[in-house]
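Structure data (PDB, C-alpha atoms) from query.pdb:
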ATOM      1  CA  MET A  27    -132.083 -88.517 133.753
ATOM      2  CA  LYS A  28    -133.767 -86.371 136.368
ATOM      3  CA  ASN A  29    -132.695 -82.749 136.504
ATOM      4  CA  ASP A  30    -134.566 -80.144 138.513
ATOM      5  CA  ASN A  31    -132.659 -77.211 137.035
ATOM      6  CA  PHE A  32    -133.960 -77.366 133.476
ATOM      7  CA  GLU A  33    -136.573 -74.739 132.679
ATOM      8  CA  GLU A  34    -138.135 -77.376 130.467
ATOM      9  CA  GLU A  35    -137.385 -80.985 129.684
ATOM     10  CA  PRO A  36    -134.070 -81.367 127.836
ATOM     11  CA  PRO A  37    -134.479 -82.412 124.197
ATOM     12  CA  SER A  38    -134.365 -86.155 123.694
ATOM     13  CA  TYR A  39    -132.086 -87.927 121.247
ATOM     14  CA  ASP A  40    -135.097 -88.700 119.058
ATOM     15  CA  HIS A  41    -135.953 -85.002 119.126
ATOM     16  CA  ALA A  42    -132.431 -84.089 118.063
ATOM     17  CA  PHE A  43    -132.557 -86.627 115.247
ATOM     18  CA  GLN A  44    -135.875 -85.236 114.045
ATOM     19  CA  SER A  45    -134.394 -81.734 113.927
ATOM     20  CA  ASN A  46    -132.328 -82.785 110.936
ATOM     21  CA  MET A  47    -135.579 -83.220 109.031
ATOM     22  CA  ASP A  48    -137.070 -79.963 110.294
ATOM     23  CA  PRO A  49    -134.689 -76.995 109.784
ATOM     24  CA  ASP A  50    -137.089 -74.600 111.511
ATOM     25  CA  SER A  51    -137.362 -76.598 114.727
ATOM     26  CA  GLN A  52    -136.375 -75.225 118.128
ATOM     27  CA  VAL A  53    -133.497 -77.689 118.333
ATOM     28  CA  GLN A  54    -131.980 -76.151 115.215
ATOM     29  CA  ARG A  55    -132.302 -72.646 116.690
ATOM     30  CA  LEU A  56    -130.700 -73.780 119.951
ATOM     31  CA  GLY A  57    -127.492 -74.307 118.049
ATOM     32  CA  LYS A  58    -127.226 -78.030 117.408
ATOM     33  CA  TYR A  59    -125.194 -77.544 114.256
ATOM     34  CA  HIS A  60    -123.023 -74.876 115.828
ATOM     35  CA  ASP A  61    -121.762 -77.528 118.241
ATOM     36  CA  ALA A  62    -121.133 -80.526 115.983
ATOM     37  CA  SER A  63    -122.133 -81.970 112.642
ATOM     38  CA  PHE A  64    -125.082 -84.287 112.212
ATOM     39  CA  ASP A  65    -122.619 -87.013 111.202
ATOM     40  CA  SER A  66    -120.961 -86.707 114.621
ATOM     41  CA  PHE A  67    -124.362 -86.960 116.294
ATOM     42  CA  GLU A  68    -125.260 -90.088 114.308
ATOM     43  CA  ARG A  69    -121.951 -91.745 115.150
ATOM     44  CA  GLY A  70    -122.567 -90.933 118.806
ATOM     45  CA  GLU A  71    -125.937 -92.666 118.611
ATOM     46  CA  MET A  72    -124.364 -95.691 116.920
ATOM     47  CA  PHE A  73    -121.778 -95.825 119.703
ATOM     48  CA  ILE A  74    -124.533 -95.934 122.336
ATOM     49  CA  GLN A  75    -126.262 -98.801 120.553
ATOM     50  CA  ALA A  76    -123.048-100.757 119.970
ATOM     51  CA  PHE A  77    -121.878-100.524 123.598
ATOM     52  CA  SER A  78    -125.232-100.413 125.379
ATOM     53  CA  THR A  79    -124.340-103.363 127.624
ATOM     54  CA  GLN A  80    -120.980-101.862 128.642
ATOM     55  CA  ILE A  81    -121.771 -98.170 129.130
ATOM     56  CA  ASP A  82    -121.827 -97.244 132.813
ATOM     57  CA  ALA A  83    -120.956-100.739 134.060
ATOM     58  CA  PHE A  84    -119.530-100.645 137.579
ATOM     59  CA  PRO A  85    -115.723-100.181 137.270
ATOM     60  CA  ILE A  86    -114.686-102.984 139.627
ATOM     61  CA  MET A  87    -110.950-102.998 138.895
ATOM     62  CA  GLN A  88    -110.566 -99.222 139.108
ATOM     63  CA  ALA A  89    -112.497 -99.097 142.383
ATOM     64  CA  GLN A  90    -110.273-101.780 143.867
ATOM     65  CA  GLU A  91    -107.116 -99.976 142.741
ATOM     66  CA  VAL A  92    -108.197 -96.774 144.483
ATOM     67  CA  GLY A  93    -109.116 -98.707 147.619
ATOM     68  CA  GLN A  94    -105.736-100.416 147.730
ATOM     69  CA  ARG A  95    -103.391 -97.627 146.627
ATOM     70  CA  GLY A  96    -105.259 -94.393 147.346
ATOM     71  CA  PHE A  97    -106.982 -91.854 145.131
ATOM     72  CA  LEU A  98    -104.076 -89.543 144.296
ATOM     73  CA  SER A  99    -101.735 -92.482 143.712
ATOM     74  CA  THR A 100    -103.926 -93.879 140.972
ATOM     75  CA  ILE A 101    -105.955 -91.245 139.118
ATOM     76  CA  HIS A 102    -104.570 -89.649 135.951
ATOM     77  CA  ILE A 103    -105.705 -88.769 132.431
ATOM     78  CA  ASP A 104    -106.027 -92.001 130.467
ATOM     79  CA  THR A 105    -104.292 -92.189 127.085
ATOM     80  CA  ASN A 106    -104.795 -95.913 126.463
ATOM     81  CA  ILE A 107    -108.279 -95.369 125.064
ATOM     82  CA  GLN A 108    -106.730 -93.819 121.945
ATOM     83  CA  ASP A 109    -105.103 -97.158 121.126
ATOM     84  CA  ASN A 110    -108.455 -98.945 121.051
ATOM     85  CA  GLN A 111    -109.658 -99.161 117.450
ATOM     86  CA  LEU A 112    -113.289 -99.238 118.594
ATOM     87  CA  PHE A 113    -113.063 -95.999 120.570
ATOM     88  CA  LYS A 114    -110.410 -93.926 118.773
ATOM     89  CA  HIS A 115    -111.148 -90.601 117.095
ATOM     90  CA  ILE A 116    -111.662 -90.881 113.329
ATOM     91  CA  LYS A 117    -109.653 -87.686 112.717
ATOM     92  CA  ALA A 118    -106.701 -88.935 114.766
ATOM     93  CA  ASN A 119    -103.653 -90.930 113.696
ATOM     94  CA  PRO A 120    -100.137 -91.484 115.099
ATOM     95  CA  GLN A 121     -98.911 -88.266 113.455
ATOM     96  CA  ASN A 122    -101.976 -86.300 114.541
ATOM     97  CA  PRO A 123    -103.223 -87.604 117.927
ATOM     98  CA  ALA A 124    -106.414 -86.224 119.437
ATOM     99  CA  TYR A 125    -104.477 -85.488 122.614
ATOM    100  CA  VAL A 126    -101.256 -86.247 124.430
ATOM    101  CA  VAL A 127    -100.607 -86.134 128.170
ATOM    102  CA  GLU A 128     -97.411 -84.631 129.494
ATOM    103  CA  GLN A 129     -96.086 -84.489 133.037
ATOM    104  CA  ALA A 130     -98.419 -83.447 135.847
ATOM    105  CA  ASP A 131    -101.546 -84.300 133.832
ATOM    106  CA  THR A 132    -101.068 -81.562 131.251
ATOM    107  CA  VAL A 133    -103.358 -82.416 128.327
ATOM    108  CA  ARG A 134    -102.533 -81.093 124.858
ATOM    109  CA  PHE A 135    -105.395 -81.462 122.398
ATOM    110  CA  TRP A 136    -104.494 -81.757 118.703
ATOM    111  CA  PRO A 137    -100.813 -80.874 119.269
ATOM    112  CA  ALA A 138     -99.933 -81.330 115.582
ATOM    113  CA  ILE A 139    -102.376 -78.601 114.458
ATOM    114  CA  HIS A 140    -101.429 -74.907 114.480
ATOM    115  CA  PRO A 141    -103.330 -72.928 117.157
ATOM    116  CA  ASN A 142    -104.434 -70.295 114.624
ATOM    117  CA  CYS A 143    -105.815 -72.777 112.120
ATOM    118  CA  GLY A 144    -109.376 -71.456 112.488
ATOM    119  CA  PRO A 145    -112.572 -73.410 113.205
ATOM    120  CA  LEU A 146    -112.410 -77.171 112.637
ATOM    121  CA  GLU A 147    -115.360 -79.468 111.980
ATOM    122  CA  ASP A 148    -115.700 -82.716 113.919
ATOM    123  CA  PHE A 149    -112.407 -82.349 115.791
ATOM    124  CA  ASP A 150    -114.286 -82.437 119.111
ATOM    125  CA  ALA A 151    -112.299 -84.664 121.470
ATOM    126  CA  THR A 152    -112.736 -85.837 125.056
ATOM    127  CA  ALA A 153    -110.109 -87.181 127.444
ATOM    128  CA  LEU A 154    -111.265 -89.165 130.479
ATOM    129  CA  ALA A 155    -109.617 -89.878 133.798
ATOM    130  CA  SER A 156    -108.392 -93.372 134.546
ATOM    131  CA  HIS A 157    -110.506 -93.818 137.695
ATOM    132  CA  PRO A 158    -114.074 -92.856 138.647
ATOM    133  CA  PHE A 159    -115.747 -90.595 141.190
ATOM    134  CA  LEU A 160    -117.653 -93.086 143.383
ATOM    135  CA  LYS A 161    -119.154 -93.120 146.841
ATOM    136  CA  ILE A 162    -116.394 -93.565 149.412
ATOM    137  CA  ALA A 163    -117.750 -96.947 150.523
ATOM    138  CA  GLU A 164    -117.568 -98.255 146.939
ATOM    139  CA  TYR A 165    -113.776 -98.137 146.814
ATOM    140  CA  LYS A 166    -113.011-101.704 147.825
ATOM    141  CA  GLY A 167    -109.603-102.768 149.034
ATOM    142  CA  GLU A 168    -107.603-103.248 152.175
ATOM    143  CA  ASN A 169    -109.371-100.339 153.831
ATOM    144  CA  GLN A 170    -113.117-100.040 154.247
ATOM    145  CA  TYR A 171    -114.207 -96.412 154.505
ATOM    146  CA  GLU A 172    -117.306 -97.076 156.555
ATOM    147  CA  ASN A 173    -116.915 -93.946 158.686
ATOM    148  CA  GLN A 174    -116.603 -91.644 155.674
ATOM    149  CA  THR A 175    -119.858 -92.245 153.845
ATOM    150  CA  VAL A 176    -120.486 -88.735 152.487
ATOM    151  CA  ALA A 177    -117.900 -86.743 150.574
ATOM    152  CA  GLN A 178    -117.547 -84.561 147.496
ATOM    153  CA  HIS A 179    -115.319 -85.243 144.521
ATOM    154  CA  TYR A 180    -113.610 -82.323 142.817
ATOM    155  CA  PHE A 181    -111.060 -81.493 140.143
ATOM    156  CA  GLU A 182    -109.913 -78.363 138.330
ATOM    157  CA  ILE A 183    -108.458 -77.444 134.961
ATOM    158  CA  THR A 184    -106.398 -74.374 134.114
ATOM    159  CA  VAL A 185    -106.404 -73.259 130.478
ATOM    160  CA  GLN A 186    -102.773 -72.643 129.546
ATOM    161  CA  GLN A 187    -103.156 -72.310 125.776
ATOM    162  CA  ALA A 188    -106.021 -72.395 123.280
ATOM    163  CA  GLY A 189    -106.634 -71.293 119.719
ATOM    164  CA  PRO A 190    -108.959 -68.283 119.327
ATOM    165  CA  ASP A 191    -111.803 -70.414 117.947
ATOM    166  CA  VAL A 192    -111.378 -73.431 120.228
ATOM    167  CA  VAL A 193    -114.241 -74.544 122.471
ATOM    168  CA  MET A 194    -113.321 -76.412 125.667
ATOM    169  CA  ALA A 195    -115.361 -78.367 128.194
ATOM    170  CA  ILE A 196    -115.072 -79.825 131.683
ATOM    171  CA  GLY A 197    -117.414 -82.425 133.096
ATOM    172  CA  LEU A 198    -118.160 -86.051 133.866
ATOM    173  CA  CYS A 199    -118.661 -89.040 131.566
ATOM    174  CA  THR A 200    -119.325 -92.730 132.007
ATOM    175  CA  ARG A 201    -117.139 -95.289 130.248
ATOM    176  CA  PRO A 202    -116.853 -96.253 127.502
ATOM    177  CA  TYR A 203    -117.468 -92.814 126.008
ATOM    178  CA  PRO A 204    -117.080 -91.745 122.354
ATOM    179  CA  THR A 205    -113.873 -89.709 122.215
ATOM    180  CA  PHE A 206    -115.292 -87.636 119.341
ATOM    181  CA  ARG A 207    -118.109 -86.157 121.477
ATOM    182  CA  MET A 208    -117.608 -83.365 124.015
ATOM    183  CA  PRO A 209    -118.590 -83.908 127.677
ATOM    184  CA  GLY A 210    -122.338 -83.392 128.029
ATOM    185  CA  TRP A 211    -123.244 -84.237 124.443
ATOM    186  CA  ASN A 212    -123.668 -87.995 124.663
ATOM    187  CA  LYS A 213    -125.567 -90.365 126.917
ATOM    188  CA  PHE A 214    -124.603 -90.355 130.622
ATOM    189  CA  SER A 215    -122.426 -87.237 130.574
ATOM    190  CA  VAL A 216    -122.461 -83.632 131.801
ATOM    191  CA  GLY A 217    -120.365 -80.641 130.786
ATOM    192  CA  TYR A 218    -119.767 -76.896 131.147
ATOM    193  CA  HIS A 219    -118.561 -75.363 127.867
ATOM    194  CA  SER A 220    -116.212 -72.427 127.433
ATOM    195  CA  ASP A 221    -117.617 -70.592 124.414
ATOM    196  CA  ASP A 222    -121.092 -69.690 125.654
ATOM    197  CA  GLY A 223    -121.055 -70.857 129.285
ATOM    198  CA  HIS A 224    -123.808 -73.385 128.598
ATOM    199  CA  LYS A 225    -124.327 -76.530 130.650
ATOM    200  CA  PHE A 226    -125.039 -79.863 128.995
ATOM    201  CA  CYS A 227    -126.549 -83.057 130.369
ATOM    202  CA  ASP A 228    -127.086 -85.890 127.865
ATOM    203  CA  ASP A 229    -127.828 -83.013 125.501
ATOM    204  CA  ALA A 230    -127.012 -83.119 121.794
ATOM    205  CA  THR A 231    -128.821 -79.888 120.978
ATOM    206  CA  GLY A 232    -127.097 -76.794 122.375
ATOM    207  CA  GLY A 233    -127.321 -76.953 126.150
ATOM    208  CA  GLN A 234    -128.882 -74.558 128.656
ATOM    209  CA  PRO A 235    -127.647 -71.096 129.745
ATOM    210  CA  PHE A 236    -125.612 -71.439 132.936
ATOM    211  CA  GLY A 237    -122.528 -69.310 133.633
ATOM    212  CA  PRO A 238    -119.779 -67.114 132.200
ATOM    213  CA  SER A 239    -117.649 -68.148 129.276
ATOM    214  CA  TRP A 240    -114.009 -68.946 130.060
ATOM    215  CA  THR A 241    -110.701 -68.923 128.231
ATOM    216  CA  VAL A 242    -106.889 -68.870 128.539
ATOM    217  CA  GLY A 243    -105.750 -68.146 132.100
ATOM    218  CA  ASP A 244    -108.981 -69.285 133.751
ATOM    219  CA  THR A 245    -109.282 -72.147 136.230
ATOM    220  CA  VAL A 246    -112.547 -74.086 136.111
ATOM    221  CA  GLY A 247    -113.586 -76.699 138.675
ATOM    222  CA  CYS A 248    -116.179 -79.474 138.729
ATOM    223  CA  LEU A 249    -117.631 -80.694 142.028
ATOM    224  CA  TYR A 250    -119.692 -83.890 142.167
ATOM    225  CA  ALA A 251    -121.533 -85.412 145.133
ATOM    226  CA  PRO A 252    -122.450 -89.049 144.325
ATOM    227  CA  GLU A 253    -124.909 -89.333 147.223
ATOM    228  CA  THR A 254    -127.072 -86.453 145.988
ATOM    229  CA  GLY A 255    -126.314 -86.437 142.266
ATOM    230  CA  ASN A 256    -125.451 -82.727 142.436
ATOM    231  CA  VAL A 257    -122.922 -81.187 140.038
ATOM    232  CA  THR A 258    -121.507 -77.723 140.795
ATOM    233  CA  TYR A 259    -118.946 -75.668 138.889
ATOM    234  CA  THR A 260    -116.410 -73.068 139.993
ATOM    235  CA  LEU A 261    -114.530 -70.407 138.051
ATOM    236  CA  ASN A 262    -111.261 -68.991 139.390
ATOM    237  CA  GLY A 263    -112.015 -70.207 142.899
ATOM    238  CA  ILE A 264    -115.594 -68.889 143.056
ATOM    239  CA  ILE A 265    -118.796 -70.914 142.818
ATOM    240  CA  VAL A 266    -120.580 -70.384 139.486
ATOM    241  CA  GLY A 267    -123.611 -72.352 140.617
ATOM    242  CA  GLN A 268    -125.170 -75.764 140.838
ATOM    243  CA  ALA A 269    -125.543 -76.969 137.277
ATOM    244  CA  PHE A 270    -127.526 -80.141 137.982
ATOM    245  CA  SER A 271    -129.211 -81.685 140.989
ATOM    246  CA  GLY A 272    -130.567 -85.133 141.727
ATOM    247  CA  LEU A 273    -128.976 -86.789 138.708
ATOM    248  CA  VAL A 274    -129.694 -90.484 138.403
ATOM    249  CA  ARG A 275    -126.754 -92.373 139.875
ATOM    250  CA  HIS A 276    -123.977 -93.163 137.390
ATOM    251  CA  HIS A 277    -120.322 -94.147 137.641
ATOM    252  CA  TYR A 278    -118.802 -90.907 136.393
ATOM    253  CA  PHE A 279    -115.195 -90.289 135.346
ATOM    254  CA  PRO A 280    -113.717 -86.757 135.346
ATOM    255  CA  SER A 281    -113.471 -85.534 131.745
ATOM    256  CA  VAL A 282    -112.125 -82.635 129.692
ATOM    257  CA  GLY A 283    -112.636 -81.780 126.054
ATOM    258  CA  ALA A 284    -111.628 -79.422 123.244
ATOM    259  CA  ASP A 285    -112.492 -79.076 119.564
ATOM    260  CA  GLY A 286    -109.086 -77.801 118.458
ATOM    261  CA  PRO A 287    -105.553 -77.049 119.675
ATOM    262  CA  ALA A 288    -105.541 -76.392 123.426
ATOM    263  CA  GLN A 289    -103.414 -77.118 126.487
ATOM    264  CA  LEU A 290    -105.132 -77.785 129.813
ATOM    265  CA  GLN A 291    -103.508 -78.396 133.184
ATOM    266  CA  VAL A 292    -105.632 -80.909 135.111
ATOM    267  CA  ASN A 293    -105.442 -80.920 138.915
ATOM    268  CA  PHE A 294    -106.956 -83.887 140.755
ATOM    269  CA  GLY A 295    -105.683 -82.595 144.101
ATOM    270  CA  ARG A 296    -101.934 -83.102 143.947
ATOM    271  CA  GLN A 297    -101.632 -79.311 143.978
ATOM    272  CA  PRO A 298    -103.730 -76.899 146.085
ATOM    273  CA  PHE A 299    -107.100 -76.134 144.543
ATOM    274  CA  LYS A 300    -108.150 -72.558 143.820
ATOM    275  CA  TYR A 301    -111.554 -73.321 145.298
ATOM    276  CA  PRO A 302    -111.368 -74.154 149.046
ATOM    277  CA  ILE A 303    -113.456 -77.330 148.929
ATOM    278  CA  GLU A 304    -114.724 -78.857 152.169
ATOM    279  CA  ASN A 305    -115.230 -82.562 152.838
ATOM    280  CA  TRP A 306    -113.152 -83.471 149.782
ATOM    281  CA  ALA A 307    -113.186 -87.186 148.990
ATOM    282  CA  GLY A 308    -109.467 -87.200 148.222
ATOM    283  CA  GLN A 309    -108.573 -86.656 151.870
ATOM    284  CA  TYR A 310    -110.307 -89.902 152.860
ATOM    285  CA  ILE A 311    -109.022 -92.218 150.150
TER     286      ILE A 311
END
Would you mind writing the file's structure down as structure tokens?
Amino acid sequence: MKNDNFEEEPPSYDHAFQSNMDPDSQVQRLGKYHDASFDSFERGEMFIQAFSTQIDAFPIMQAQEVGQRGFLSTIHIDTNIQDNQLFKHIKANPQNPAYVVEQADTVRFWPAIHPNCGPLEDFDATALASHPFLKIAEYKGENQYENQTVAQHYFEITVQQAGPDVVMAIGLCTRPYPTFRMPGWNKFSVGYHSDDGHKFCDDATGGQPFGPSWTVGDTVGCLYAPETGNVTYTLNGIIVGQAFSGLVRHHYFPSVGADGPAQLQVNFGRQPFKYPIENWAGQYI
């Protein structure tokens, strides 16, 4: 995946795998094991191999639904993926779900766990939106948006609650995506993480320095332009910066993640954004 903003080439998956054999490698120092266990990494790699023919396939049905019913009438945080035995989180069960969605797209991660439980290993969880961020012309339906060929997609999250040791993330992922990997960690995904402000792009090894950390009370936004492959983040209504540019074209879904108890309010545009976005795709579809 092309990315002009890396100071050096991002570590490959083979490189990350090799780091397990070489404790003194740069990947180890970058914090690979601070982010997730090696077991989680291996399961993520197995997921990629098992679903290689399905990952990033064009979402025909979802595109048609948006074209027929409109963007804000269709998009929401998807909970059905948790019912799929192939995709579900290994730490989750009916009494301890990885996340639940309440009214107005409020996502509660690990609601059965006490917020002050301390650090948890391999409880990283990602929730994806039901519909993708595509080029306007790709939303097929009764209306053809031929006159609106360039637009920017955007969504925001507001952190309402989070345990003191919880790491959160906002980004974009293709589907299917392993629910036990945070946005940015696995193939065809990007993320901006709360604990150290690092940005991740297909990066299993610790990310790259990017922006401020963020926590309870903050509103973080993710802006994506499919025509250019640019991903930009905002914090409390102010641009943090362009995280990635010229990304190879993928069919991204808005995504949020947390590795412990947290409550995030997701805004796809039904409420006013904190960041005054221009040429927002939602106004055309």
Let me know the residues the PyMOL selection byres ((chain A and resi 290-303) around 6) catches in the file above, as a tab-separated table (two decimals) with C-alpha atoms, in the frame of the given file.
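Resulting contents of part.tsv:
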chain	number	residue	atom	x	y	z
A	131	ASP	CA	-101.55	-84.30	133.83
A	132	THR	CA	-101.07	-81.56	131.25
A	133	VAL	CA	-103.36	-82.42	128.33
A	181	PHE	CA	-111.06	-81.49	140.14
A	182	GLU	CA	-109.91	-78.36	138.33
A	183	ILE	CA	-108.46	-77.44	134.96
A	184	THR	CA	-106.40	-74.37	134.11
A	185	VAL	CA	-106.40	-73.26	130.48
A	186	GLN	CA	-102.77	-72.64	129.55
A	263	GLY	CA	-112.02	-70.21	142.90
A	289	GLN	CA	-103.41	-77.12	126.49
A	304	GLU	CA	-114.72	-78.86	152.17
Please tabulate, as a Markdown table, the residues of segment 131-189 of chain A that come within 6 Å of segment 281-286 of chain A, each with its closest pair of atoms and the distance in Å to one decimal, counting all atoms listed in the file and ordering rows by chain, then residue number upward.
| residue | atom | partner | partner_atom | distance |
| --- | --- | --- | --- | --- |
| A:Phe149 | CA | A:Asp285 | CA | 5.0 |
| A:Asp150 | CA | A:Asp285 | CA | 3.8 |
| A:Ala151 | CA | A:Gly283 | CA | 5.4 |
| A:Thr152 | CA | A:Gly283 | CA | 4.2 |
| A:Ala153 | CA | A:Val282 | CA | 5.5 |
| A:Leu154 | CA | A:Ser281 | CA | 4.4 |
Point-to-point distance from atom CA of Ser271 of chain A to atom CA of Val257 of chain A, Å rounded to tenths: 6.4 Å
Closest of A:Gly189, A:Thr200, A:His219, A:Gln121 to Leu146 of chain A - atom-to-atom distances counting only C-alpha atoms: A:Gly189
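Nearest residue to Val192 of chain A among A:Gly267, A:Gly144, A:Gly243, A:Pro85 is A:Gly144, counting all atoms listed in the file.
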Please define a box with edges along x, y and z of the file around all atoms of segment 100-109 of chain A given in the file, extend it by 4 Å on each side, and return its centre and edge lengths in Å to one decimal, as JSON.
{"center_x": -106.1, "center_y": -93.0, "center_z": 131.0, "size_x": 12.4, "size_y": 16.4, "size_z": 27.8}
